[in-house]
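**Q** Next up, coords-v3.pdb (PDB, C-alpha atoms, pLDDT in the B column).
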ATOM      1  CA  MET O  80       0.000   0.000   0.000  1.00 51.00           C
ATOM      2  CA  ASP O  81       1.153   3.527  -0.700  1.00 60.00           C
ATOM      3  CA  ASN O  82       2.026   5.842   2.128  1.00 70.00           C
ATOM      4  CA  ASN O  83      -0.510   8.485   1.166  1.00 92.00           C
ATOM      5  CA  ILE O  84      -2.620   7.426   4.130  1.00 96.00           C
ATOM      6  CA  LEU O  85      -4.567   9.738   6.395  1.00 97.00           C
ATOM      7  CA  LEU O  86      -5.706   8.375   9.752  1.00 97.00           C
ATOM      8  CA  VAL O  87      -8.572  10.257  11.404  1.00 97.00           C
ATOM      9  CA  TYR O  88      -9.705   9.109  14.820  1.00 97.00           C
ATOM     10  CA  TYR O  89     -11.729  10.064  17.842  1.00 92.00           C
ATOM     11  CA  SER O  90     -11.049   8.552  21.245  1.00 93.00           C
ATOM     12  CA  PHE O  91     -13.123   9.130  24.362  1.00 85.00           C
ATOM     13  CA  GLU O  92     -11.725   6.603  26.836  1.00 85.00           C
ATOM     14  CA  GLY O  93      -8.352   5.823  25.237  1.00 91.00           C
ATOM     15  CA  ASN O  94      -9.292   2.636  23.367  1.00 95.00           C
ATOM     16  CA  THR O  95      -9.266   4.199  19.924  1.00 96.00           C
ATOM     17  CA  GLU O  96      -6.127   6.169  20.743  1.00 97.00           C
ATOM     18  CA  TYR O  97      -4.409   2.860  21.522  1.00 97.00           C
ATOM     19  CA  VAL O  98      -5.634   1.488  18.186  1.00 97.00           C
ATOM     20  CA  ALA O  99      -4.365   4.573  16.338  1.00 97.00           C
ATOM     21  CA  ARG O 100      -0.901   4.170  17.871  1.00 97.00           C
ATOM     22  CA  LYS O 101      -0.792   0.465  16.967  1.00 97.00           C
ATOM     23  CA  LEU O 102      -1.973   1.196  13.446  1.00 96.00           C
ATOM     24  CA  ALA O 103       0.768   3.809  13.027  1.00 94.00           C
ATOM     25  CA  GLU O 104       3.339   1.252  14.203  1.00 94.00           C
ATOM     26  CA  THR O 105       2.053  -1.276  11.671  1.00 95.00           C
ATOM     27  CA  ILE O 106       1.676   0.738   8.465  1.00 95.00           C
ATOM     28  CA  ASP O 107       3.222   3.887   7.035  1.00 94.00           C
ATOM     29  CA  ILE O 108       0.748   6.660   7.762  1.00 95.00           C
ATOM     30  CA  LYS O 109       1.454  10.051   6.264  1.00 95.00           C
ATOM     31  CA  ARG O 110      -0.667  12.008   8.756  1.00 96.00           C
ATOM     32  CA  THR O 111      -2.716  11.280  11.854  1.00 96.00           C
ATOM     33  CA  ILE O 112      -5.495  13.589  13.007  1.00 97.00           C
ATOM     34  CA  ARG O 113      -7.104  13.151  16.403  1.00 96.00           C
ATOM     35  CA  LEU O 114     -10.492  14.833  16.548  1.00 95.00           C
ATOM     36  CA  HIS O 115     -10.913  17.189  19.493  1.00 93.00           C
ATOM     37  CA  PRO O 116     -14.545  18.166  20.050  1.00 81.00           C
ATOM     38  CA  LEU O 117     -15.232  21.426  21.841  1.00 77.00           C
ATOM     39  CA  SER O 118     -17.993  19.732  23.827  1.00 66.00           C
ATOM     40  CA  GLU O 119     -18.073  16.194  25.263  1.00 65.00           C
ATOM     41  CA  PRO O 120     -20.299  14.336  27.714  1.00 54.00           C
ATOM     42  CA  PRO O 121     -19.044  13.614  31.231  1.00 54.00           C
ATOM     43  CA  HIS O 122     -16.420  10.859  31.345  1.00 62.00           C
ATOM     44  CA  GLU O 123     -18.026   9.029  34.267  1.00 66.00           C
ATOM     45  CA  GLY O 124     -21.379   7.925  35.583  1.00 62.00           C
ATOM     46  CA  ILE O 125     -24.748   7.394  33.981  1.00 67.00           C
ATOM     47  CA  LYS O 126     -24.656  10.852  32.346  1.00 55.00           C
ATOM     48  CA  LYS O 127     -21.751   9.639  30.188  1.00 52.00           C
ATOM     49  CA  PHE O 128     -24.083   7.176  28.478  1.00 59.00           C
ATOM     50  CA  ALA O 129     -27.257   9.261  28.579  1.00 54.00           C
ATOM     51  CA  ILE O 130     -25.752  12.484  27.236  1.00 56.00           C
ATOM     52  CA  GLY O 131     -23.269  10.809  24.876  1.00 57.00           C
ATOM     53  CA  GLY O 132     -25.847   8.407  23.467  1.00 56.00           C
ATOM     54  CA  LYS O 133     -28.433  11.145  22.953  1.00 52.00           C
ATOM     55  CA  SER O 134     -25.946  13.394  21.181  1.00 65.00           C
ATOM     56  CA  ALA O 135     -24.833  10.524  18.924  1.00 57.00           C
ATOM     57  CA  LEU O 136     -28.365   9.444  18.012  1.00 54.00           C
ATOM     58  CA  ARG O 137     -29.383  13.025  17.257  1.00 60.00           C
ATOM     59  CA  HIS O 138     -26.152  13.744  15.347  1.00 71.00           C
ATOM     60  CA  GLU O 139     -25.698  16.851  17.472  1.00 67.00           C
ATOM     61  CA  LYS O 140     -23.011  19.363  16.632  1.00 78.00           C
ATOM     62  CA  VAL O 141     -20.206  19.411  19.185  1.00 71.00           C
ATOM     63  CA  GLY O 142     -17.754  21.750  17.492  1.00 75.00           C
ATOM     64  CA  LEU O 143     -14.250  20.660  16.538  1.00 77.00           C
ATOM     65  CA  GLN O 144     -10.881  22.247  16.890  1.00 84.00           C
ATOM     66  CA  GLN O 145     -10.032  23.538  13.422  1.00 88.00           C
ATOM     67  CA  ILE O 146      -7.999  21.270  11.175  1.00 91.00           C
ATOM     68  CA  GLU O 147      -5.901  22.292   8.184  1.00 92.00           C
ATOM     69  CA  LEU O 148      -6.434  19.553   5.644  1.00 93.00           C
ATOM     70  CA  ASN O 149      -5.722  19.070   1.951  1.00 92.00           C
ATOM     71  CA  TYR O 150      -7.262  15.808   0.773  1.00 92.00           C
ATOM     72  CA  ASP O 151      -5.242  15.924  -2.466  1.00 91.00           C
ATOM     73  CA  GLU O 152      -2.291  14.573  -0.466  1.00 94.00           C
ATOM     74  CA  TYR O 153      -4.076  11.311   0.402  1.00 96.00           C
ATOM     75  CA  ASP O 154      -5.383   8.343  -1.549  1.00 95.00           C
ATOM     76  CA  THR O 155      -6.521   6.367   1.471  1.00 96.00           C
ATOM     77  CA  ILE O 156      -8.341   7.362   4.648  1.00 96.00           C
ATOM     78  CA  PHE O 157      -8.612   5.309   7.820  1.00 97.00           C
ATOM     79  CA  ILE O 158     -11.386   6.341  10.204  1.00 97.00           C
ATOM     80  CA  ALA O 159     -11.266   4.912  13.716  1.00 97.00           C
ATOM     81  CA  CYS O 160     -13.741   5.584  16.515  1.00 95.00           C
ATOM     82  CA  PRO O 161     -15.767   4.070  19.332  1.00 94.00           C
ATOM     83  CA  VAL O 162     -19.387   2.988  19.069  1.00 86.00           C
ATOM     84  CA  TRP O 163     -21.852   5.314  20.794  1.00 78.00           C
ATOM     85  CA  ALA O 164     -25.481   4.155  21.017  1.00 76.00           C
ATOM     86  CA  ALA O 165     -24.989   1.837  18.023  1.00 79.00           C
ATOM     87  CA  THR O 166     -23.723   4.690  15.835  1.00 85.00           C
ATOM     88  CA  TYR O 167     -20.652   6.895  15.437  1.00 90.00           C
ATOM     89  CA  PRO O 168     -19.784   9.677  17.887  1.00 90.00           C
ATOM     90  CA  PRO O 169     -20.852  13.246  17.070  1.00 90.00           C
ATOM     91  CA  ALA O 170     -17.226  14.317  16.565  1.00 93.00           C
ATOM     92  CA  VAL O 171     -16.867  11.885  13.642  1.00 94.00           C
ATOM     93  CA  GLY O 172     -20.130  12.992  12.043  1.00 92.00           C
ATOM     94  CA  GLU O 173     -19.153  16.610  12.393  1.00 90.00           C
ATOM     95  CA  PHE O 174     -15.737  15.927  10.878  1.00 94.00           C
ATOM     96  CA  LEU O 175     -17.338  14.270   7.856  1.00 93.00           C
ATOM     97  CA  ASP O 176     -19.814  17.144   7.451  1.00 91.00           C
ATOM     98  CA  THR O 177     -17.126  19.822   7.838  1.00 91.00           C
ATOM     99  CA  TYR O 178     -14.367  18.136   5.830  1.00 92.00           C
ATOM    100  CA  PRO O 179     -16.107  16.071   3.110  1.00 91.00           C
ATOM    101  CA  PHE O 180     -13.975  14.048   0.729  1.00 93.00           C
ATOM    102  CA  LYS O 181     -14.416  12.115  -2.503  1.00 92.00           C
ATOM    103  CA  ASN O 182     -12.580   9.543  -4.604  1.00 93.00           C
ATOM    104  CA  LYS O 183     -10.807   7.956  -1.617  1.00 95.00           C
ATOM    105  CA  LYS O 184     -10.275   4.382  -0.454  1.00 95.00           C
ATOM    106  CA  VAL O 185     -11.703   4.174   3.043  1.00 95.00           C
ATOM    107  CA  TYR O 186     -11.012   1.766   5.908  1.00 95.00           C
ATOM    108  CA  PHE O 187     -12.945   1.699   9.188  1.00 95.00           C
ATOM    109  CA  ILE O 188     -11.921   0.544  12.628  1.00 95.00           C
ATOM    110  CA  GLY O 189     -14.567   0.506  15.330  1.00 95.00           C
ATOM    111  CA  CYS O 190     -14.081  -0.086  19.047  1.00 95.00           C
ATOM    112  CA  SER O 191     -16.813  -1.306  21.370  1.00 92.00           C
ATOM    113  CA  ALA O 192     -17.243  -3.065  24.694  1.00 88.00           C
ATOM    114  CA  GLY O 193     -19.462  -5.681  23.055  1.00 83.00           C
ATOM    115  CA  GLY O 194     -17.080  -6.415  20.221  1.00 76.00           C
ATOM    116  CA  ASN O 195     -19.465  -5.704  17.352  1.00 84.00           C
ATOM    117  CA  ALA O 196     -18.919  -2.333  15.740  1.00 90.00           C
ATOM    118  CA  TYR O 197     -20.145  -3.361  12.285  1.00 88.00           C
ATOM    119  CA  GLY O 198     -23.561  -1.708  12.668  1.00 87.00           C
ATOM    120  CA  MET O 199     -21.885   1.614  13.400  1.00 86.00           C
ATOM    121  CA  MET O 200     -19.485   1.138  10.506  1.00 89.00           C
ATOM    122  CA  ASN O 201     -22.420   0.363   8.180  1.00 87.00           C
ATOM    123  CA  LYS O 202     -23.905   3.739   9.145  1.00 88.00           C
ATOM    124  CA  LEU O 203     -20.576   5.412   8.405  1.00 89.00           C
ATOM    125  CA  SER O 204     -20.438   3.595   5.059  1.00 90.00           C
ATOM    126  CA  ARG O 205     -23.894   4.823   4.083  1.00 88.00           C
ATOM    127  CA  LYS O 206     -22.907   8.387   4.976  1.00 87.00           C
ATOM    128  CA  ILE O 207     -19.619   8.314   3.096  1.00 89.00           C
ATOM    129  CA  LEU O 208     -20.962   6.511   0.034  1.00 88.00           C
ATOM    130  CA  GLY O 209     -24.222   8.469  -0.041  1.00 82.00           C
ATOM    131  CA  ASP O 210     -23.020  11.973   0.675  1.00 68.00           C
ATOM    132  CA  TYR O 211     -19.751  11.981  -1.254  1.00 72.00           C
ATOM    133  CA  SER O 212     -18.951  10.736  -4.732  1.00 76.00           C
ATOM    134  CA  GLY O 213     -16.353   8.227  -5.806  1.00 89.00           C
ATOM    135  CA  ASN O 214     -15.381   6.822  -2.408  1.00 93.00           C
ATOM    136  CA  SER O 215     -14.971   3.096  -1.892  1.00 93.00           C
ATOM    137  CA  ILE O 216     -15.100   1.245   1.398  1.00 94.00           C
ATOM    138  CA  VAL O 217     -12.233  -1.245   1.300  1.00 94.00           C
ATOM    139  CA  ALA O 218     -12.450  -3.005   4.661  1.00 94.00           C
ATOM    140  CA  SER O 219     -13.536  -2.650   8.256  1.00 94.00           C
ATOM    141  CA  LEU O 220     -12.380  -4.050  11.575  1.00 95.00           C
ATOM    142  CA  SER O 221     -14.331  -4.393  14.808  1.00 95.00           C
ATOM    143  CA  LEU O 222     -12.337  -4.517  18.039  1.00 96.00           C
ATOM    144  CA  LYS O 223     -13.569  -5.423  21.508  1.00 95.00           C
ATOM    145  CA  SER O 224     -12.252  -3.246  24.356  1.00 95.00           C
ATOM    146  CA  PRO O 225      -8.751  -2.743  22.904  1.00 96.00           C
ATOM    147  CA  LEU O 226      -7.173  -1.609  26.181  1.00 96.00           C
ATOM    148  CA  LYS O 227      -8.412  -4.715  27.991  1.00 96.00           C
ATOM    149  CA  ASN O 228      -7.515  -7.056  25.109  1.00 95.00           C
ATOM    150  CA  ARG O 229      -4.184  -5.670  23.901  1.00 96.00           C
ATOM    151  CA  GLU O 230      -2.736  -8.929  22.603  1.00 97.00           C
ATOM    152  CA  GLU O 231      -5.838  -9.751  20.570  1.00 96.00           C
ATOM    153  CA  THR O 232      -6.097  -6.137  19.381  1.00 96.00           C
ATOM    154  CA  ASP O 233      -2.467  -6.059  18.255  1.00 97.00           C
ATOM    155  CA  ARG O 234      -2.901  -9.350  16.357  1.00 96.00           C
ATOM    156  CA  LYS O 235      -6.111  -8.200  14.668  1.00 96.00           C
ATOM    157  CA  ILE O 236      -4.511  -4.919  13.591  1.00 96.00           C
ATOM    158  CA  ARG O 237      -1.488  -6.762  12.142  1.00 95.00           C
ATOM    159  CA  ASP O 238      -3.817  -9.149  10.274  1.00 96.00           C
ATOM    160  CA  PHE O 239      -6.007  -6.276   9.067  1.00 94.00           C
ATOM    161  CA  CYS O 240      -2.989  -4.443   7.678  1.00 92.00           C
ATOM    162  CA  SER O 241      -1.328  -7.452   6.055  1.00 85.00           C
ATOM    163  CA  TRP O 242      -2.814  -6.829   2.618  1.00 71.00           C
TER     164      TRP O 242
END
Would it be possible to restate this file's structure as structure tokens?
**A**
Amino acid sequence: MDNNILLVYYSFEGNTEYVARKLAETIDIKRTIRLHPLSEPPHEGIKKFAIGGKSALRHEKVGLQQIELNYDEYDTIFIACPVWAATYPPAVGEFLDTYPFKNKKVYFIGCSAGGNAYGMMNKLSRKILGDYSGNSIVASLSLKSPLKNREETDRKIRDFCSW
């Protein structure tokens, strides 16, 4: 694979950040962008799930720190994020709305406690294929609690990137 790879990720509890670091150790990534929302739910307690889930389901705007980005530099985009209420976090939706792209090869990596992020990644696929022209979804990977399952996570990332 070429090294014109952009990795965009959002991490709330550190799981996706761990995945992003492992991915960068495994393949040659030209640039990594961590999404920093201006507003997030609490990191603890029941409000974490109630507020975070509601904002994800409603696709609420959370604001993002500004990113300078020229998509012409990249052929391939990796998007990594956690699952929130069976969908993608607001920061990812806002990134896609603010920085749309076309004619890219796209890979997804989803992190969840239950180990099945494919429903969320299907929603991302529909957004990227429906809203933007010429993109192709190449592959996706679902990871269960990466920080708790580091060995399995590392193996799955190596296998995923062994094209």
**Q** Written as number ranges by chain, what is the full residue list that the PyMOL selection byres ((chain O and resi 99) around 10) yields on the file shown?
**A** O: 86-90, 93-98, 100-105, 111-113, 157-160, 188, 236
**Q** What is the distance, in Å and to one decimal place, between atom CA of Lys183 of chain O and atom CA of Ser224 of chain O?
**A**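 We find that atom CA of Lys183 of chain O and atom CA of Ser224 of chain O lie 28.3 Å from each other.
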**Q** For Lys109 of chain O, work out the shell of residues within 6 Å, counting only C-alpha atoms and skipping chain neighbours fewer than 4 positions away, then give it as a PDB file with C-alpha atoms, keeping the file's coordinate frame.
**A**
ATOM      1  CA  ASN O  82       2.026   5.842   2.128  1.00 70.00           C
ATOM      2  CA  ASN O  83      -0.510   8.485   1.166  1.00 92.00           C
ATOM      3  CA  ILE O  84      -2.620   7.426   4.130  1.00 96.00           C
TER       4      ILE O  84
END
**Q** Could you check how far atom CA of Lys181 of chain O sits from atom CA of Pro169 of chain O, in Å to one decimal?
**A**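 One can read the atom CA of Lys181 of chain O to atom CA of Pro169 of chain O distance as 20.6 Å.
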**Q** May I ask for the distance between atom CA of Ile207 of chain O and atom CA of Val185 of chain O, given in Å to one decimal place?
**A** 8.9 Å
**Q** Nearest residue to Tyr197 of chain O out of O:Leu117, O:Ala165, O:Ile108, O:Ile156, using all atoms listed in the file?
**A** O:Ala165
**Q** Expanded to explicit residues, what is the PyMOL selection byres ((chain O and resi 174-176) around 12) for this file, as number ranges by chain?
**A** O: 87-89, 112-116, 138-146, 148, 156, 158, 160, 167-173, 177-181, 203-204, 206-211
**Q** Between O:Cys240, O:Ala164, O:Ile106, O:Leu85, single out the one closest to Gly193 of chain O, counting all atoms listed in the file.
**A**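 Nearest candidate to Gly193 of chain O out of O:Cys240, O:Ala164, O:Ile106, O:Leu85: O:Ala164.
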**Q** Out of O:Tyr150, O:Thr155, O:Asp107, O:Lys184, which residue has the shortest atom-to-atom distance to Asn214 of chain O when counting all atoms listed in the file?
**A**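 Of all the options, O:Lys184 lies closest to Asn214 of chain O.
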**Q** To test your reading of the syntax: which residues would the PyMOL selection byres ((chain O and resi 227) around 12) return for the file shown? Reply as a list of chain:residue names.
**A** O:Glu92, O:Gly93, O:Asn94, O:Tyr97, O:Val98, O:Cys190, O:Ser191, O:Ala192, O:Gly194, O:Leu222, O:Lys223, O:Ser224, O:Pro225, O:Leu226, O:Asn228, O:Arg229, O:Glu230, O:Glu231, O:Thr232, O:Asp233
